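Let me begin by presenting the structure, written as C-alpha cells, before commenting on it.
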Amino acid sequence: MALAARLWRLLPFRRGAAPGSRLPAGTSGSRGHCGPCRFRGFEVPPWSWLPLLTSYSVMGNPGTFKRGLLLSALSYLGFETYQVISQAAVVHATAKVEEILEQADYLYESGETEKLYQLLTQYKESEDAELLWRLARASRDVAQLSRTSEEEKKLLVYEALEYAKRALEKNESSFASHKWYAICLSDVGDYEGIKAKIANAYIIKEHFEKAIELNPKDATSIHLMGIWCYTFAEMPWYQRRIAKMLFATPPSSTYEKALGYFHRAEQVDPNFYSKNLLLLGKTYLKLHNKKLAAFWLMKAKDYPAHTEEDKQIQTEAAQLLTSFSEKN
C-alpha cells in the first residue's frame, strides 16, 4: 500500500484535478506526440505509461485499479533499475579505461616501450582519445627502436598516424591528440617525398599551435613548435627553391623565432628535456653567440642520461663544445 500511495502522488493529474479529469497534453494514447514524458525530473519512455492509462480508465473498480497501479509500480521500478544498471556499466567502463591509462603511463615512465605497445594494442579498437594517442606514441616509439627493421618501422609509422587521427576525431579538445597527430604526420613525410613533406608542414604547424593553445603549460608542444621553426630556418637552398616552385608561399621561419619557443619551453618546465637544452645551444651558435651557446651546450652535456637519446645528445653537445673551443 505504501508503494501504491507513492505511485498515486506521481500520477499526472493537474493540481486540483479530480480523478476522471482530462489527461495533460501529450499523455494521451492518440496519434501524435509519443516521445518520453517526465515524472518530476525522471524521463520515462512511452511504454511505461500503458499501465498508468489502464489504471486511470478503471478507477471505478477498486480491484482493477489496484492491479493497474501495481503494474504501474513495476513499470516505474523497472525503468529505475534500467537507469541504475546503465549508469553502473558506464562507471565500470570508465574505471577500466582509467586503470589501463595508469598502467600505460607507468610503463612509459619506466621506458618499457615494447610492453607498453603490447598492452595498448589490445585496445586498438577503443573509442577513447586518451588511450588512442598513447597508442600512437607507443607505435612511434617502437618504430624508433634500433632493432626494428625498416619494413616494420614504415608500417608502425603509418599505424601511429592512424591512431593519432582517430584520437583527434574522438576529441578535438585534447591537446595531446593534436600534438601526436602533428608528430606522426611529420614522420610519414619521410616516406612521401619533399612535396608532401612541405605541404604537410602547414598542417603540422596548425596542430602544434592548437596544442599550445589548449595547454600553454605543455613544454613539449612548445619545444616542438621551436623545432618546426628551426627546421625551416635551416632549410637548404635547394629545398627552398623546390618549395617556391610548388607553393606560392612556402613555409619559412627564423632562428630568432625558434629560440623564442625553446626559451619559452624552458620557462614552463626547466630542464624537462635534454634536446631542448641542445637546441638552445645550437640555435645560439647559428646566431653567432658562442658564449650563450657554450652555456646551454654544457647543460646538455651534463644532463643525466635516462634514455638512449639522452646519451646521444650528451655526445653531440660534447663534440660541439670541443669543435668551437678549438677554433678560439
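Letters for chains follow the order of the C-alpha cells (A, B, ...), residue numbers begin at 1 for each chain, and ligand numbers begin at 1 in the order shown.
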Task: Who sits within 7 Å of Ser253 of chain A, only C-alpha atoms, same chain under 6 positions skipped, as a PyMOL selection string - done: chain A and resi 229+232-233
Residues from the last selection, N, CA, C and O atoms, saved as a compact mmCIF listing (two decimals), in the first residue's frame:
```txt
# COMPACT_ATOMS: atom_id res chain seq x y z
N CYS A 229 60.19 25.74 -36.34
CA CYS A 229 60.83 27.00 -36.77
C CYS A 229 62.30 26.78 -37.13
O CYS A 229 62.78 27.29 -38.15
N PHE A 232 62.75 25.00 -40.61
CA PHE A 232 62.55 25.83 -41.81
C PHE A 232 63.52 27.00 -41.89
O PHE A 232 63.78 27.51 -42.97
N ALA A 233 64.06 27.40 -40.74
CA ALA A 233 65.13 28.41 -40.77
C ALA A 233 66.40 27.79 -41.38
O ALA A 233 67.18 28.48 -42.05
```
TODO: Find the spatial neighbours of Pro250 of chain A, counting only C-alpha atoms, within a cut-off of 12 Å - ignore same-chain residues fewer than 4 positions away - and output them as a list of chain:residue names.
DONE: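 That gives A:Lys195, A:Lys197, A:Ile198, A:Ala199, A:Asn200, A:Ala201, A:Tyr202, A:Phe232, A:Met235, A:Gln239, A:Arg240, A:Arg241, A:Ile242, A:Ala243, A:Lys244, A:Met245, A:Leu246.
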What would the file look like if the residues just selected were written as a tab-separated table (two decimals), in the first residue's frame with all heavy atoms?
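Heads up, here's the output in selection.tsv:
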```
chain	number	residue	atom	x	y	z
A	195	LYS	N	57.62	17.07	-51.66
A	195	LYS	CA	56.40	17.84	-51.91
A	195	LYS	C	55.38	17.62	-50.79
A	195	LYS	O	54.81	18.58	-50.25
A	195	LYS	CB	55.80	17.43	-53.26
A	195	LYS	CG	54.56	18.24	-53.61
A	195	LYS	CD	54.03	17.88	-55.00
A	195	LYS	CE	52.78	18.70	-55.33
A	195	LYS	NZ	52.26	18.37	-56.68
A	197	LYS	N	55.98	16.49	-47.83
A	197	LYS	CA	56.55	16.96	-46.55
A	197	LYS	C	56.33	18.46	-46.37
A	197	LYS	O	55.96	18.92	-45.28
A	197	LYS	CB	58.04	16.62	-46.51
A	197	LYS	CG	58.63	16.66	-45.12
A	197	LYS	CD	59.94	15.91	-45.05
A	197	LYS	CE	60.39	15.73	-43.62
A	197	LYS	NZ	61.59	14.88	-43.52
A	198	ILE	N	56.53	19.21	-47.43
A	198	ILE	CA	56.34	20.67	-47.34
A	198	ILE	C	54.86	21.00	-47.19
A	198	ILE	O	54.48	21.87	-46.40
A	198	ILE	CB	56.96	21.36	-48.57
A	198	ILE	CG1	58.48	21.21	-48.55
A	198	ILE	CG2	56.57	22.84	-48.60
A	198	ILE	CD1	59.18	21.66	-49.81
A	199	ALA	N	54.00	20.29	-47.94
A	199	ALA	CA	52.55	20.52	-47.85
A	199	ALA	C	52.05	20.21	-46.44
A	199	ALA	O	51.22	20.95	-45.89
A	199	ALA	CB	51.82	19.66	-48.87
A	200	ASN	N	52.57	19.14	-45.86
A	200	ASN	CA	52.15	18.76	-44.51
A	200	ASN	C	52.65	19.73	-43.45
A	200	ASN	O	52.08	19.78	-42.34
A	200	ASN	CB	52.66	17.34	-44.18
A	200	ASN	CG	51.89	16.26	-44.92
A	200	ASN	OD1	50.79	16.49	-45.41
A	200	ASN	ND2	52.47	15.08	-45.00
A	201	ALA	N	53.69	20.47	-43.77
A	201	ALA	CA	54.28	21.39	-42.78
A	201	ALA	C	53.27	22.40	-42.27
A	201	ALA	O	53.27	22.74	-41.09
A	201	ALA	CB	55.48	22.10	-43.39
A	202	TYR	N	52.40	22.88	-43.16
A	202	TYR	CA	51.38	23.84	-42.74
A	202	TYR	C	50.43	23.21	-41.73
A	202	TYR	O	50.06	23.81	-40.72
A	202	TYR	CB	50.56	24.31	-43.96
A	202	TYR	CG	51.35	25.11	-44.96
A	202	TYR	CD1	51.81	24.52	-46.14
A	202	TYR	CD2	51.60	26.46	-44.75
A	202	TYR	CE1	52.51	25.26	-47.08
A	202	TYR	CE2	52.31	27.21	-45.69
A	202	TYR	CZ	52.76	26.61	-46.85
A	202	TYR	OH	53.47	27.33	-47.77
A	232	PHE	N	62.75	25.00	-40.61
A	232	PHE	CA	62.55	25.83	-41.81
A	232	PHE	C	63.52	27.00	-41.89
A	232	PHE	O	63.78	27.51	-42.97
A	232	PHE	CB	61.08	26.28	-41.90
A	232	PHE	CG	60.19	25.16	-42.36
A	232	PHE	CD1	59.46	24.42	-41.46
A	232	PHE	CD2	60.15	24.80	-43.71
A	232	PHE	CE1	58.68	23.35	-41.88
A	232	PHE	CE2	59.37	23.74	-44.15
A	232	PHE	CZ	58.63	23.00	-43.23
A	235	MET	N	66.49	25.25	-43.57
A	235	MET	CA	66.21	24.56	-44.83
A	235	MET	C	67.26	24.90	-45.90
A	235	MET	O	67.55	26.08	-46.15
A	235	MET	CB	64.83	24.95	-45.36
A	235	MET	CG	64.44	24.24	-46.65
A	235	MET	SD	62.86	24.80	-47.32
A	235	MET	CE	61.74	23.89	-46.29
A	239	GLN	N	66.11	23.03	-51.31
A	239	GLN	CA	64.75	22.73	-50.85
A	239	GLN	C	63.88	23.99	-50.88
A	239	GLN	O	62.69	23.92	-51.18
A	239	GLN	CB	64.78	22.14	-49.44
A	239	GLN	CG	65.30	20.71	-49.39
A	239	GLN	CD	65.13	20.06	-48.02
A	239	GLN	OE1	64.59	20.66	-47.09
A	239	GLN	NE2	65.60	18.83	-47.89
A	240	ARG	N	64.47	25.12	-50.59
A	240	ARG	CA	63.73	26.38	-50.68
A	240	ARG	C	63.27	26.64	-52.11
A	240	ARG	O	62.15	27.09	-52.36
A	240	ARG	CB	64.60	27.55	-50.21
A	240	ARG	CG	64.88	27.57	-48.73
A	240	ARG	CD	65.70	28.81	-48.36
A	240	ARG	NE	66.18	28.73	-47.01
A	240	ARG	CZ	65.48	29.04	-45.93
A	240	ARG	NH1	64.23	29.45	-46.07
A	240	ARG	NH2	65.99	28.94	-44.72
A	241	ARG	N	64.17	26.33	-53.07
A	241	ARG	CA	63.84	26.52	-54.48
A	241	ARG	C	62.69	25.62	-54.89
A	241	ARG	O	61.77	26.06	-55.58
A	241	ARG	CB	65.07	26.25	-55.35
A	241	ARG	CG	64.84	26.46	-56.83
A	241	ARG	CD	66.12	26.35	-57.61
A	241	ARG	NE	67.01	27.48	-57.33
A	241	ARG	CZ	68.21	27.64	-57.92
A	241	ARG	NH1	68.65	26.72	-58.77
A	241	ARG	NH2	68.95	28.67	-57.61
A	242	ILE	N	62.74	24.36	-54.45
A	242	ILE	CA	61.66	23.41	-54.76
A	242	ILE	C	60.35	23.90	-54.14
A	242	ILE	O	59.29	23.87	-54.77
A	242	ILE	CB	62.00	21.99	-54.25
A	242	ILE	CG1	63.18	21.42	-55.02
A	242	ILE	CG2	60.79	21.06	-54.35
A	242	ILE	CD1	63.75	20.14	-54.42
A	243	ALA	N	60.45	24.36	-52.91
A	243	ALA	CA	59.25	24.84	-52.20
A	243	ALA	C	58.62	26.03	-52.93
A	243	ALA	O	57.39	26.11	-53.05
A	243	ALA	CB	59.63	25.25	-50.78
A	244	LYS	N	59.44	26.93	-53.45
A	244	LYS	CA	58.92	28.10	-54.16
A	244	LYS	C	58.28	27.70	-55.48
A	244	LYS	O	57.33	28.35	-55.95
A	244	LYS	CB	60.05	29.10	-54.41
A	244	LYS	CG	60.44	29.87	-53.16
A	244	LYS	CD	61.57	30.86	-53.44
A	244	LYS	CE	61.97	31.60	-52.16
A	244	LYS	NZ	63.10	32.53	-52.40
A	245	MET	N	58.79	26.63	-56.10
A	245	MET	CA	58.21	26.13	-57.35
A	245	MET	C	56.85	25.47	-57.09
A	245	MET	O	55.95	25.55	-57.93
A	245	MET	CB	59.15	25.12	-58.00
A	245	MET	CG	60.43	25.74	-58.56
A	245	MET	SD	61.64	24.49	-59.05
A	245	MET	CE	60.74	23.60	-60.32
A	246	LEU	N	56.71	24.84	-55.95
A	246	LEU	CA	55.49	24.08	-55.65
A	246	LEU	C	54.41	24.91	-54.96
A	246	LEU	O	53.22	24.66	-55.14
A	246	LEU	CB	55.83	22.89	-54.75
A	246	LEU	CG	56.75	21.82	-55.35
A	246	LEU	CD1	57.15	20.81	-54.29
A	246	LEU	CD2	56.05	21.12	-56.52
```
Task: Shell around segment 124-141 of chain A at 8 Å using only C-alpha atoms, local window under 6 positions removed, as a PyMOL selection string - done: chain A and resi 97+101+104+113-114+116-117+156-157+159-164+166-168+170-171+174+176-177+180+184
For the residues in that selection, give me N, CA and C atoms as a PDB file, in the first residue's frame.
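Generated file (selection.pdb):
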```
ATOM      1  N   VAL A  97      39.106   1.987 -18.244  1.00  0.00           N
ATOM      2  CA  VAL A  97      39.973   2.823 -19.083  1.00  0.00           C
ATOM      3  C   VAL A  97      41.003   3.541 -18.224  1.00  0.00           C
ATOM      4  N   LEU A 101      45.073   3.333 -18.515  1.00  0.00           N
ATOM      5  CA  LEU A 101      45.898   4.532 -18.695  1.00  0.00           C
ATOM      6  C   LEU A 101      46.968   4.632 -17.613  1.00  0.00           C
ATOM      7  N   ALA A 104      49.604   2.184 -18.532  1.00  0.00           N
ATOM      8  CA  ALA A 104      50.340   2.690 -19.698  1.00  0.00           C
ATOM      9  C   ALA A 104      51.336   3.772 -19.297  1.00  0.00           C
ATOM     10  N   THR A 113      59.087   0.211 -23.551  1.00  0.00           N
ATOM     11  CA  THR A 113      58.460   0.568 -24.833  1.00  0.00           C
ATOM     12  C   THR A 113      57.642  -0.572 -25.426  1.00  0.00           C
ATOM     13  N   GLU A 114      58.241  -1.747 -25.523  1.00  0.00           N
ATOM     14  CA  GLU A 114      57.549  -2.871 -26.171  1.00  0.00           C
ATOM     15  C   GLU A 114      56.391  -3.400 -25.319  1.00  0.00           C
ATOM     16  N   LEU A 116      54.616  -1.630 -23.304  1.00  0.00           N
ATOM     17  CA  LEU A 116      53.573  -0.616 -23.424  1.00  0.00           C
ATOM     18  C   LEU A 116      52.786  -0.814 -24.721  1.00  0.00           C
ATOM     19  N   TYR A 117      53.500  -1.050 -25.791  1.00  0.00           N
ATOM     20  CA  TYR A 117      52.858  -1.268 -27.099  1.00  0.00           C
ATOM     21  C   TYR A 117      51.958  -2.505 -27.057  1.00  0.00           C
ATOM     22  N   LEU A 156      54.747   0.753 -38.755  1.00  0.00           N
ATOM     23  CA  LEU A 156      54.439   1.343 -37.446  1.00  0.00           C
ATOM     24  C   LEU A 156      54.211   2.852 -37.539  1.00  0.00           C
ATOM     25  N   VAL A 157      54.961   3.514 -38.411  1.00  0.00           N
ATOM     26  CA  VAL A 157      54.819   4.964 -38.590  1.00  0.00           C
ATOM     27  C   VAL A 157      53.420   5.303 -39.125  1.00  0.00           C
ATOM     28  N   GLU A 159      50.817   3.303 -38.938  1.00  0.00           N
ATOM     29  CA  GLU A 159      49.888   2.838 -37.906  1.00  0.00           C
ATOM     30  C   GLU A 159      49.720   3.918 -36.831  1.00  0.00           C
ATOM     31  N   ALA A 160      50.831   4.504 -36.426  1.00  0.00           N
ATOM     32  CA  ALA A 160      50.804   5.567 -35.413  1.00  0.00           C
ATOM     33  C   ALA A 160      49.960   6.747 -35.889  1.00  0.00           C
ATOM     34  N   LEU A 161      50.119   7.114 -37.165  1.00  0.00           N
ATOM     35  CA  LEU A 161      49.339   8.233 -37.709  1.00  0.00           C
ATOM     36  C   LEU A 161      47.846   7.930 -37.679  1.00  0.00           C
ATOM     37  N   GLU A 162      47.482   6.701 -37.991  1.00  0.00           N
ATOM     38  CA  GLU A 162      46.069   6.312 -37.987  1.00  0.00           C
ATOM     39  C   GLU A 162      45.468   6.405 -36.577  1.00  0.00           C
ATOM     40  N   TYR A 163      46.226   5.949 -35.583  1.00  0.00           N
ATOM     41  CA  TYR A 163      45.747   6.021 -34.197  1.00  0.00           C
ATOM     42  C   TYR A 163      45.602   7.481 -33.751  1.00  0.00           C
ATOM     43  N   ALA A 164      46.578   8.302 -34.118  1.00  0.00           N
ATOM     44  CA  ALA A 164      46.533   9.724 -33.740  1.00  0.00           C
ATOM     45  C   ALA A 164      45.353  10.429 -34.415  1.00  0.00           C
ATOM     46  N   ARG A 166      42.512   9.038 -35.321  1.00  0.00           N
ATOM     47  CA  ARG A 166      41.292   8.595 -34.631  1.00  0.00           C
ATOM     48  C   ARG A 166      41.132   9.295 -33.278  1.00  0.00           C
ATOM     49  N   ALA A 167      42.247   9.484 -32.572  1.00  0.00           N
ATOM     50  CA  ALA A 167      42.196  10.182 -31.280  1.00  0.00           C
ATOM     51  C   ALA A 167      41.667  11.600 -31.474  1.00  0.00           C
ATOM     52  N   LEU A 168      42.127  12.247 -32.525  1.00  0.00           N
ATOM     53  CA  LEU A 168      41.707  13.617 -32.810  1.00  0.00           C
ATOM     54  C   LEU A 168      40.232  13.675 -33.199  1.00  0.00           C
ATOM     55  N   LYS A 170      37.958  11.672 -32.128  1.00  0.00           N
ATOM     56  CA  LYS A 170      37.163  11.409 -30.931  1.00  0.00           C
ATOM     57  C   LYS A 170      37.125  12.605 -29.985  1.00  0.00           C
ATOM     58  N   ASN A 171      38.208  13.388 -29.973  1.00  0.00           N
ATOM     59  CA  ASN A 171      38.243  14.531 -29.052  1.00  0.00           C
ATOM     60  C   ASN A 171      39.152  15.630 -29.603  1.00  0.00           C
ATOM     61  N   SER A 174      41.491  17.696 -27.151  1.00  0.00           N
ATOM     62  CA  SER A 174      42.637  17.057 -26.499  1.00  0.00           C
ATOM     63  C   SER A 174      43.933  17.619 -27.069  1.00  0.00           C
ATOM     64  N   ALA A 176      46.929  16.717 -26.414  1.00  0.00           N
ATOM     65  CA  ALA A 176      47.866  15.634 -26.722  1.00  0.00           C
ATOM     66  C   ALA A 176      47.539  14.990 -28.061  1.00  0.00           C
ATOM     67  N   SER A 177      46.258  14.913 -28.408  1.00  0.00           N
ATOM     68  CA  SER A 177      45.863  14.344 -29.703  1.00  0.00           C
ATOM     69  C   SER A 177      46.374  15.227 -30.839  1.00  0.00           C
ATOM     70  N   TRP A 180      50.320  14.756 -30.983  1.00  0.00           N
ATOM     71  CA  TRP A 180      50.799  13.495 -31.552  1.00  0.00           C
ATOM     72  C   TRP A 180      50.361  13.288 -32.991  1.00  0.00           C
ATOM     73  N   CYS A 184      53.226  12.511 -35.759  1.00  0.00           N
ATOM     74  CA  CYS A 184      53.105  11.327 -36.626  1.00  0.00           C
ATOM     75  C   CYS A 184      52.990  11.719 -38.093  1.00  0.00           C
TER      76      CYS A 184
END
```
Task: A:Lys153, A:His288, A:Lys96, A:Lys275 ranked by distance to Phe262 of chain A, top pick (using only C-alpha atoms) - done: A:Lys275
Open item on the list: Could you tell me how far atom CA of Lys179 of chain A sits from atom CA of His207 of chain A, in Å to one decimal place?
Closed with: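 Computing the Euclidean distance for atom CA of His207 of chain A and atom CA of Lys179 of chain A yields 6.3 Å.
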Open item on the list: When you count only C-alpha atoms, which of these residues is closest to Glu256 of chain A: A:Asp105, A:Glu234, A:Glu316, A:Asp269?
Closed with: A:Glu234
Task: Filtered DSSP result for segment 75-186 of chain A, state helix (DSSP H, G or I), as a PyMOL selection string - done: chain A and resi 75-109+113-121+129-143+150-170+175-186
Task: Residue neighbourhood Gly281 of chain A, 10 Å, only C-alpha atoms, exclusion window fewer than 6 positions, as a PyMOL selection string - done: chain A and resi 259+275+287+289-300+317+320-321
Create the file for the chosen residues now, containing N, CA and C atoms and written as an mmCIF file, in the first residue's frame.
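Dumped everything to again12.cif:
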```cif
data_model
loop_
_atom_site.group_PDB
_atom_site.id
_atom_site.type_symbol
_atom_site.label_atom_id
_atom_site.label_comp_id
_atom_site.auth_asym_id
_atom_site.auth_seq_id
_atom_site.Cartn_x
_atom_site.Cartn_y
_atom_site.Cartn_z
ATOM 1 N N LEU A 259 64.375 30.207 -31.244
ATOM 2 C CA LEU A 259 64.968 30.485 -29.935
ATOM 3 C C LEU A 259 63.893 30.894 -28.923
ATOM 4 N N LYS A 275 67.087 17.503 -25.197
ATOM 5 C CA LYS A 275 67.145 18.022 -26.574
ATOM 6 C C LYS A 275 66.827 19.509 -26.635
ATOM 7 N N LEU A 287 73.208 31.887 -34.405
ATOM 8 C CA LEU A 287 73.116 33.341 -34.250
ATOM 9 C C LEU A 287 74.456 33.959 -33.828
ATOM 10 N N ASN A 289 76.364 33.542 -31.231
ATOM 11 C CA ASN A 289 76.558 33.914 -29.831
ATOM 12 C C ASN A 289 77.195 32.717 -29.123
ATOM 13 N N LYS A 290 78.502 32.652 -29.168
ATOM 14 C CA LYS A 290 79.224 31.491 -28.655
ATOM 15 C C LYS A 290 79.166 31.373 -27.124
ATOM 16 N N LYS A 291 79.094 32.499 -26.460
ATOM 17 C CA LYS A 291 79.061 32.465 -25.004
ATOM 18 C C LYS A 291 77.798 31.756 -24.497
ATOM 19 N N LEU A 292 76.638 32.168 -25.028
ATOM 20 C CA LEU A 292 75.384 31.533 -24.612
ATOM 21 C C LEU A 292 75.255 30.118 -25.187
ATOM 22 N N ALA A 293 75.839 29.906 -26.354
ATOM 23 C CA ALA A 293 75.839 28.561 -26.940
ATOM 24 C C ALA A 293 76.581 27.602 -26.019
ATOM 25 N N ALA A 294 77.730 28.026 -25.521
ATOM 26 C CA ALA A 294 78.524 27.189 -24.623
ATOM 27 C C ALA A 294 77.760 26.896 -23.325
ATOM 28 N N PHE A 295 77.036 27.897 -22.818
ATOM 29 C CA PHE A 295 76.278 27.727 -21.581
ATOM 30 C C PHE A 295 75.239 26.607 -21.725
ATOM 31 N N TRP A 296 74.464 26.650 -22.808
ATOM 32 C CA TRP A 296 73.396 25.666 -22.999
ATOM 33 C C TRP A 296 73.927 24.301 -23.422
ATOM 34 N N LEU A 297 74.995 24.290 -24.197
ATOM 35 C CA LEU A 297 75.596 23.008 -24.596
ATOM 36 C C LEU A 297 76.201 22.288 -23.393
ATOM 37 N N MET A 298 76.749 23.054 -22.471
ATOM 38 C CA MET A 298 77.297 22.456 -21.255
ATOM 39 C C MET A 298 76.174 21.828 -20.420
ATOM 40 N N LYS A 299 75.043 22.512 -20.358
ATOM 41 C CA LYS A 299 73.891 21.959 -19.637
ATOM 42 C C LYS A 299 73.404 20.664 -20.302
ATOM 43 N N ALA A 300 73.426 20.636 -21.616
ATOM 44 C CA ALA A 300 73.003 19.423 -22.345
ATOM 45 C C ALA A 300 73.988 18.283 -22.104
ATOM 46 N N ALA A 317 76.551 17.276 -27.835
ATOM 47 C CA ALA A 317 76.872 18.525 -27.134
ATOM 48 C C ALA A 317 78.375 18.619 -26.850
ATOM 49 N N LEU A 320 80.252 19.432 -30.105
ATOM 50 C CA LEU A 320 80.087 20.836 -30.484
ATOM 51 C C LEU A 320 80.922 21.752 -29.598
ATOM 52 N N LEU A 321 80.970 21.456 -28.312
ATOM 53 C CA LEU A 321 81.792 22.249 -27.390
ATOM 54 C C LEU A 321 83.267 22.153 -27.755
#
```
Task: Counting only C-alpha atoms, the residue of A:Ala182, A:Ile100, A:Ile204, A:Lys301 that sits nearest Gln122 of chain A - done: A:Ile100
Task: Separation of atom CA of Glu172 of chain A from atom CA of Asn215 of chain A in Å - done: 12.9 Å
Open item on the list: If I take atom CA of Lys165 of chain A and atom CA of Tyr181 of chain A, how far is one from the other in Å, to one decimal?
Closed with: 6.1 Å
